[in-house]
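Asks: I am sharing target15.txt, which consists of compact mmCIF, C-alpha atoms and all ligand atoms:
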# COMPACT_ATOMS: atom_id res chain seq x y z
CA MET J 12 8.01 -7.77 -32.86
CA LYS J 13 8.79 -4.09 -32.34
CA THR J 14 11.18 -3.55 -29.44
CA VAL J 15 12.19 -0.62 -27.25
CA SER J 16 15.58 -0.03 -25.59
CA LEU J 17 15.75 1.65 -22.20
CA THR J 18 17.90 1.81 -19.09
CA ILE J 19 16.69 0.77 -15.65
CA ASP J 20 19.04 1.33 -12.70
CA GLY J 21 21.95 1.63 -15.13
CA LYS J 22 21.14 -1.65 -16.87
CA LYS J 23 20.40 -1.47 -20.59
CA ILE J 24 17.44 -3.62 -21.50
CA GLU J 25 15.32 -4.34 -24.51
CA THR J 26 11.63 -5.06 -24.24
CA ARG J 27 8.40 -5.18 -26.23
CA HIS J 28 6.92 -1.97 -27.58
CA GLY J 29 3.95 -1.01 -25.38
CA GLU J 30 5.32 -2.80 -22.32
CA LYS J 31 4.92 -1.25 -18.85
CA ILE J 32 8.04 -0.42 -16.85
CA LEU J 33 7.09 -2.84 -14.07
CA TRP J 34 7.05 -5.95 -16.27
CA ALA J 35 10.12 -4.90 -18.22
CA ALA J 36 12.03 -4.48 -14.93
CA LEU J 37 10.82 -7.73 -13.35
CA GLU J 38 11.59 -9.73 -16.48
CA ASN J 39 15.12 -8.40 -16.34
CA GLY J 40 15.73 -9.22 -12.71
CA ILE J 41 15.09 -5.72 -11.35
CA TYR J 42 12.62 -5.86 -8.48
CA ILE J 43 10.04 -3.12 -7.98
CA PRO J 44 7.58 -3.56 -5.07
CA ASN J 45 4.11 -4.39 -6.36
CA LEU J 46 0.92 -5.96 -5.04
CA CYS J 47 -1.97 -5.16 -7.34
CA GLY J 48 -0.37 -5.71 -10.74
CA LEU J 49 -1.04 -8.83 -12.79
CA ARG J 50 0.81 -9.54 -16.01
CA ASP J 51 -2.33 -10.58 -17.95
CA GLU J 52 -4.29 -7.44 -17.12
CA ALA J 53 -4.60 -5.04 -20.05
CA GLU J 54 -4.72 -2.05 -17.69
CA SER J 55 -3.46 -2.07 -14.12
CA VAL J 56 -5.82 -0.81 -11.45
CA ALA J 57 -2.77 0.80 -9.77
CA SER J 58 -4.37 0.66 -6.35
CA CYS J 59 -1.49 -0.43 -4.12
CA ARG J 60 0.72 2.62 -4.92
CA LEU J 61 3.94 0.77 -4.15
CA CYS J 62 5.59 0.57 -7.55
CA PHE J 63 6.86 4.15 -7.76
CA VAL J 64 9.92 4.81 -9.92
CA GLU J 65 11.60 7.93 -11.20
CA VAL J 66 11.96 8.61 -14.92
CA VAL J 67 14.49 11.13 -16.19
CA GLY J 68 12.59 14.11 -17.62
CA LYS J 69 9.51 13.61 -15.47
CA GLU J 70 8.99 15.90 -12.51
CA GLN J 71 7.20 13.38 -10.34
CA ALA J 72 7.63 9.71 -9.60
CA VAL J 73 5.31 7.48 -11.63
CA THR J 74 3.73 4.09 -11.00
CA ALA J 75 5.71 1.48 -12.94
CA CYS J 76 2.64 -0.68 -13.60
CA THR J 77 0.95 2.09 -15.60
CA GLU J 78 3.89 3.88 -17.26
CA MET J 79 4.73 2.58 -20.70
CA VAL J 80 8.35 2.20 -21.79
CA THR J 81 9.65 4.57 -24.46
CA GLU J 82 12.79 4.43 -26.57
CA GLY J 83 15.83 5.75 -24.66
CA MET J 84 13.91 6.06 -21.37
CA VAL J 85 16.08 6.20 -18.23
CA VAL J 86 14.44 4.79 -15.11
CA ASN J 87 15.65 4.87 -11.53
CA THR J 88 13.85 2.50 -9.16
CA ARG J 89 15.90 3.62 -6.14
CA GLY J 90 15.37 7.39 -6.32
CA ALA J 91 14.74 9.13 -2.99
CA GLU J 92 11.30 10.45 -3.93
CA ALA J 93 10.08 7.12 -5.32
CA LEU J 94 11.30 5.26 -2.25
CA ARG J 95 9.75 7.81 0.11
CA MET J 96 6.36 7.41 -1.55
CA ALA J 97 6.57 3.61 -1.65
CA ARG J 98 7.65 3.46 2.01
CA SER J 99 4.80 5.69 3.17
CA GLY J 100 2.24 3.62 1.26
CA PHE J 101 3.66 0.40 2.58
CA GLU J 102 3.78 1.51 6.22
CA LEU J 103 0.19 2.71 5.96
CA LEU J 104 -0.81 -0.68 4.60
CA LEU J 105 1.01 -2.46 7.42
CA SER J 106 -0.88 -0.42 9.99
CA SER J 107 -4.08 -2.35 9.19
CA LEU J 108 -2.56 -5.82 8.97
CA PRO J 109 -1.96 -8.22 11.87
CA MET J 110 1.60 -9.26 10.79
CA ASP J 111 1.76 -12.50 12.69
CA CYS J 112 4.37 -14.09 10.42
CA ALA J 113 5.43 -16.73 12.96
CA HIS J 114 2.00 -18.36 12.68
CA CYS J 115 1.28 -17.73 8.99
CA VAL J 116 1.67 -20.48 6.39
CA LYS J 117 2.63 -17.87 3.79
CA SER J 118 5.71 -16.85 5.75
CA GLY J 119 8.76 -17.19 3.52
CA SER J 120 6.81 -16.64 0.30
CA CYS J 121 4.76 -13.61 1.34
CA GLU J 122 5.11 -10.55 -0.86
CA LEU J 123 4.89 -8.29 2.19
CA GLN J 124 8.09 -9.78 3.61
CA LYS J 125 9.83 -9.29 0.27
CA ILE J 126 8.68 -5.67 0.02
CA ALA J 127 9.67 -4.92 3.63
CA HIS J 128 13.14 -6.28 2.97
CA HIS J 129 13.46 -4.33 -0.28
CA LEU J 130 12.31 -1.04 1.29
CA ASN J 131 14.24 -1.69 4.48
CA ILE J 132 11.14 -1.39 6.66
CA LYS J 133 10.24 -3.44 9.71
CA LEU J 134 7.01 -5.44 9.28
CA LYS J 135 6.07 -4.29 12.77
CA SER J 136 6.59 -0.66 11.81
CA LYS J 137 5.06 1.70 14.37
CA ARG J 138 4.99 4.80 12.20
CA PHE J 139 1.22 4.73 11.93
CA ARG J 140 -1.24 3.71 14.64
CA LYS J 141 -2.32 0.10 14.30
CA LEU J 142 -5.98 -0.31 13.41
CA LEU J 143 -7.10 -3.90 12.87
CA ARG J 144 -10.40 -5.06 11.40
CA GLU J 145 -10.79 -8.34 13.30
CA LEU J 146 -12.96 -10.05 10.70
CA PRO J 147 -14.03 -13.72 10.90
CA ILE J 148 -11.90 -16.29 9.06
CA ASP J 149 -13.71 -18.34 6.39
CA ASP J 150 -12.62 -21.98 6.60
CA SER J 151 -15.62 -23.40 4.75
CA SER J 152 -13.85 -24.28 1.48
CA SER J 153 -12.35 -27.75 1.35
CA LEU J 154 -9.39 -26.38 -0.61
CA PHE J 155 -8.37 -23.13 1.05
CA THR J 156 -8.80 -20.75 3.96
CA TYR J 157 -9.67 -17.07 3.60
CA ASP J 158 -8.46 -14.72 6.30
CA PRO J 159 -9.72 -11.23 5.33
CA ASN J 160 -7.60 -9.67 8.07
CA LYS J 161 -4.51 -10.43 5.98
CA CYS J 162 -6.03 -9.12 2.75
CA VAL J 163 -4.30 -6.10 1.18
CA LEU J 164 -7.23 -5.44 -1.21
CA CYS J 165 -4.97 -5.77 -4.23
CA GLY J 166 -7.84 -7.25 -6.23
CA ARG J 167 -5.79 -9.97 -7.93
CA CYS J 168 -8.20 -12.73 -6.79
CA VAL J 169 -11.22 -10.72 -7.92
CA TRP J 170 -9.65 -10.23 -11.33
CA VAL J 171 -8.63 -13.86 -11.98
CA CYS J 172 -11.99 -15.20 -10.83
CA ARG J 173 -13.87 -12.84 -13.12
CA GLU J 174 -11.63 -12.12 -16.10
CA ARG J 175 -9.52 -15.20 -16.48
CA LEU J 176 -12.00 -17.82 -15.34
CA GLY J 177 -15.29 -16.07 -16.03
CA VAL J 178 -16.71 -17.18 -12.68
CA GLY J 179 -17.00 -13.91 -10.73
CA VAL J 180 -17.54 -15.33 -7.27
CA LEU J 181 -15.41 -12.63 -5.66
CA GLY J 182 -15.89 -8.91 -5.45
CA PHE J 183 -15.30 -5.88 -3.26
CA ALA J 184 -17.87 -4.80 -0.68
CA ASN J 185 -18.09 -1.65 1.48
CA ARG J 186 -15.89 1.44 1.37
CA GLY J 187 -12.90 2.89 3.19
CA PHE J 188 -11.65 0.99 6.24
CA GLN J 189 -14.56 -1.48 5.94
CA ARG J 190 -13.67 -2.42 2.37
CA VAL J 191 -13.30 -6.14 1.99
CA VAL J 192 -13.02 -8.84 -0.64
CA THR J 193 -15.97 -11.16 -0.30
CA THR J 194 -18.26 -13.59 -2.10
CA PHE J 195 -21.68 -12.57 -3.37
CA ALA J 196 -23.84 -11.57 -0.37
CA GLY J 197 -20.95 -12.46 1.92
CA GLU J 198 -21.76 -16.16 1.89
CA PRO J 199 -19.02 -18.58 3.01
CA PHE J 200 -16.91 -19.96 0.15
CA GLY J 201 -18.17 -23.49 0.84
CA GLU J 202 -21.74 -22.33 0.16
CA SER J 203 -20.95 -20.08 -2.77
CA LYS J 204 -20.53 -20.80 -6.49
CA CYS J 205 -16.78 -21.16 -5.99
CA GLN J 206 -15.46 -24.02 -8.12
CA GLU J 207 -12.37 -24.47 -5.97
CA CYS J 208 -9.95 -24.08 -8.87
CA GLY J 209 -7.48 -22.44 -6.51
CA ASP J 210 -6.36 -19.73 -8.94
CA CYS J 211 -7.33 -16.96 -6.53
CA VAL J 212 -5.10 -18.54 -3.90
CA SER J 213 -2.21 -18.79 -6.33
CA VAL J 214 -2.28 -15.06 -7.12
CA CYS J 215 -2.80 -13.87 -3.54
CA PRO J 216 0.40 -12.06 -2.49
CA THR J 217 -0.19 -12.50 1.26
CA GLY J 218 -1.57 -15.04 3.69
CA ALA J 219 -5.17 -13.98 3.06
CA LEU J 220 -5.90 -16.94 0.76
CA THR J 221 -3.91 -20.06 1.58
CA PHE J 222 -4.26 -23.69 0.59
CA LYS J 223 -5.09 -26.04 3.41
CA ASN J 224 -2.42 -28.38 4.75
CA GLY J 225 0.23 -25.68 4.40
CA LYS J 226 0.59 -26.02 0.65
CA THR J 227 1.82 -22.84 -1.03
CA GLU J 228 0.65 -23.97 -4.49
CA GLU J 229 -2.11 -26.22 -5.72
CA GLU J 230 -0.83 -29.75 -6.29
FE1 LIG J 301 1.56 -0.46 -9.44
FE2 LIG J 301 0.13 -1.62 -7.49
S1 LIG J 301 1.60 -2.52 -8.81
S2 LIG J 301 0.17 0.50 -8.10
Once you've parsed the file, please lay out its structure as structure tokens.
Ligand code: FES

Replies:
Amino acid sequence: MKTVSLTIDGKKIETRHGEKILWAALENGIYIPNLCGLRDEAESVASCRLCFVEVVGKEQAVTACTEMVTEGMVVNTRGAEALRMARSGFELLLSSLPMDCAHCVKSGSCELQKIAHHLNIKLKSKRFRKLLRELPIDDSSSLFTYDPNKCVLCGRCVWVCRERLGVGVLGFANRGFQRVVTTFAGEPFGESKCQECGDCVSVCPTGALTFKNGKTEEE
């Protein structure tokens, strides 16, 4: 296997040729905020805009999930510009989420809490005006609950259902602020073609898809 040597935050690492910075960093214990990336995806959709890093020789910060490693590359995940961009994106995202961690079963394993801690941002950030969608919760599946109000539109569930499992029950509907992950024709999960494999719940980074009975993983 052809390998590439690079430096991330001063740490010399070796990784596979063709690897993206995000996965090389995470595999070596260097955290970079991310929501939409999935390791199995050939090409990241790069929609969350949280994984910004700085690369020596590049004028602008780049998204770590799309930038391929190169031999001798020097990456800084804590550069001021990269952090500024990630913080702005994250605070904008928070402005449309309810952030009721005290009553959320995902609390403690939610990616939003991890990102907030990493970026040193309060989950109840008031930088942008709060605008909530107030969508109905779908409790019709016997396995899980879907709360679209907590969805960050990362698309991980859509991708696993379609690409990994070949089922395709989930998709995006509407545009802009009304954009939502939903089943075909918006039918409740319990009445859809959902096979209740639970893989969409496992990849959900927030409390949008949660197993019933407070489980954090399928048992
Ligand atoms: Fe890179 Fe979402 S993980 S843009």

Asks: Can you tell me which residues surround Arg167 of chain J at a distance of at most 12 Å, considering only C-alpha atoms, apart from same-chain residues fewer than 6 positions away, and format the answer as JSON, numbers by chain?

Replies: {"J": [45, 46, 47, 48, 49, 50, 51, 52, 55, 56, 57, 58, 59, 173, 174, 175, 181, 182, 183, 192, 210, 211, 212, 213, 214, 215, 216, 217, 219, 220]}

Asks: Tell me which residues come within 12 Å of (-0.1, 4.2, 14.3), as a ChimeraX atom specification, counting only C-alpha atoms in the file's coordinates.

Replies: /J:102-108,135-143

Asks: Take the point (22.9, 0.4, -16.0) as written in the file and pick out every residue within 12 Å of it, counting all atoms listed in the file; give the list as a ChimeraX atom specification.

Replies: /J:17-24,36,39,41,84-88

Asks: Write out the residues from the selection above, keeping C-alpha atoms, as a PDB file, in the coordinates of the input.

Replies:
ATOM      1  CA  LEU J  17      15.750   1.650 -22.200  1.00  0.00           C
ATOM      2  CA  THR J  18      17.900   1.810 -19.090  1.00  0.00           C
ATOM      3  CA  ILE J  19      16.690   0.770 -15.650  1.00  0.00           C
ATOM      4  CA  ASP J  20      19.040   1.330 -12.700  1.00  0.00           C
ATOM      5  CA  GLY J  21      21.950   1.630 -15.130  1.00  0.00           C
ATOM      6  CA  LYS J  22      21.140  -1.650 -16.870  1.00  0.00           C
ATOM      7  CA  LYS J  23      20.400  -1.470 -20.590  1.00  0.00           C
ATOM      8  CA  ILE J  24      17.440  -3.620 -21.500  1.00  0.00           C
ATOM      9  CA  ALA J  36      12.030  -4.480 -14.930  1.00  0.00           C
ATOM     10  CA  ASN J  39      15.120  -8.400 -16.340  1.00  0.00           C
ATOM     11  CA  ILE J  41      15.090  -5.720 -11.350  1.00  0.00           C
ATOM     12  CA  MET J  84      13.910   6.060 -21.370  1.00  0.00           C
ATOM     13  CA  VAL J  85      16.080   6.200 -18.230  1.00  0.00           C
ATOM     14  CA  VAL J  86      14.440   4.790 -15.110  1.00  0.00           C
ATOM     15  CA  ASN J  87      15.650   4.870 -11.530  1.00  0.00           C
ATOM     16  CA  THR J  88      13.850   2.500  -9.160  1.00  0.00           C
TER      17      THR J  88
END

Asks: Between atom CA of Gly209 of chain J and atom CA of Phe101 of chain J, what is the spacing in Å?

Replies: 27.0 Å

Asks: I'd like the neighbourhood of Glu25 of chain J as a list in words, where a residue qualifies if any of its atoms comes within 8 Å (using all atoms listed in the file), though same-chain residues fewer than 3 positions away should be ignored.

Replies: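 Surrounding residues, per the criterion: Thr14, Val15, Ser16 and Leu17 of chain J.
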
Asks: Compare J:Ala91, J:Gly119, J:Gly187, J:Pro199 by their minimum atom-to-atom distance to Tyr157 of chain J, counting only C-alpha atoms, and give me the closest one.

Replies: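 Selected residue with least distance to Tyr157 of chain J: J:Pro199.
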
Asks: What does the distance between atom CA of Thr194 of chain J and atom CA of Arg60 of chain J come to in Å, to one decimal place?

Replies: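 Interatomic distance, atom CA of Thr194 of chain J to atom CA of Arg60 of chain J: 25.1 Å.
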
Asks: Between atom CA of Leu176 of chain J and atom CA of Gln206 of chain J, what is the distance in Å, rounded to a tenth?

Replies: 10.1 Å

Asks: Pick from J:Glu54, J:Glu78, J:Glu65, J:Glu70: nearest to Ala35 of chain J, with all atoms listed in the file counted?

Replies: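 Closest residue, counting all atoms listed in the file: J:Glu78.
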
Asks: Could you check the closest approach to Cys168 of chain J for each of J:Val180, J:Glu145, J:Leu123, J:Cys76 and tell me which residue wins, using all atoms listed in the file?

Replies: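 Of the candidates, the smallest distance to Cys168 of chain J is held by J:Val180.
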
Asks: Name the closest residue to ligand LIG 301 (chain J) among the candidates J:Gly100, J:Gly177, J:Pro109, J:Gly197; distances are taken between atoms, counting only C-alpha atoms and all ligand atoms.

Replies: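 Closest to ligand LIG 301 (chain J), using only C-alpha atoms and all ligand atoms: J:Gly100.
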
Asks: Fewer than 4 positions away in the same chain doesn't count, so skip those; otherwise give me all residues within 10 Å of Arg89 of chain J, counting all atoms listed in the file, as a list in words.

Replies: Ile19, Asp20, Ile43, Phe63, Val64, Glu65, Ala93, Leu94, Arg95 and Leu130 of chain J

Asks: Nearest residue to ligand LIG 301 (chain J) out of J:Leu33, J:Cys162, J:Met96, J:Ala196, using all atoms listed in the file?

Replies: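 Looking only at the distances to ligand LIG 301 (chain J), the closest residue turns out to be J:Leu33.
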
Asks: Can you work out which one of J:Ser99, J:Ser152, J:Thr193, J:Asn224 has the shortest atom-to-atom distance to Ile132 of chain J, counting all atoms listed in the file?

Replies: J:Ser99

Asks: Set the distance at 10 Å and use all atoms listed in the file: which residues neighbour Arg190 of chain J once local chain neighbours fewer than 6 positions away are removed? I'd like the list as a list of chain:residue names.

Replies: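 Result of the neighbour search: J:Arg144, J:Leu164, J:Phe183, J:Ala184.
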
Asks: Could I get segment 118-136 of chain J from the block written out with C-alpha atoms, as a PDB file, in the first residue's frame?

Replies:
ATOM      1  CA  SER J 118     -26.995  14.028  25.555  1.00  0.00           C
ATOM      2  CA  GLY J 119     -23.490  12.846  26.380  1.00  0.00           C
ATOM      3  CA  SER J 120     -22.915  11.264  22.972  1.00  0.00           C
ATOM      4  CA  CYS J 121     -24.175  14.093  20.764  1.00  0.00           C
ATOM      5  CA  GLU J 122     -21.720  15.391  18.202  1.00  0.00           C
ATOM      6  CA  LEU J 123     -23.005  18.942  18.725  1.00  0.00           C
ATOM      7  CA  GLN J 124     -21.860  18.882  22.352  1.00  0.00           C
ATOM      8  CA  LYS J 125     -18.450  17.609  21.281  1.00  0.00           C
ATOM      9  CA  ILE J 126     -18.092  20.298  18.611  1.00  0.00           C
ATOM     10  CA  ALA J 127     -19.233  23.059  20.988  1.00  0.00           C
ATOM     11  CA  HIS J 128     -16.634  21.972  23.511  1.00  0.00           C
ATOM     12  CA  HIS J 129     -13.916  21.781  20.857  1.00  0.00           C
ATOM     13  CA  LEU J 130     -14.725  25.214  19.418  1.00  0.00           C
ATOM     14  CA  ASN J 131     -15.332  26.709  22.845  1.00  0.00           C
ATOM     15  CA  ILE J 132     -18.856  27.816  21.972  1.00  0.00           C
ATOM     16  CA  LYS J 133     -21.924  27.751  24.181  1.00  0.00           C
ATOM     17  CA  LEU J 134     -24.700  25.503  22.830  1.00  0.00           C
ATOM     18  CA  LYS J 135     -27.115  28.297  23.695  1.00  0.00           C
ATOM     19  CA  SER J 136     -25.089  30.787  21.681  1.00  0.00           C
TER      20      SER J 136
END
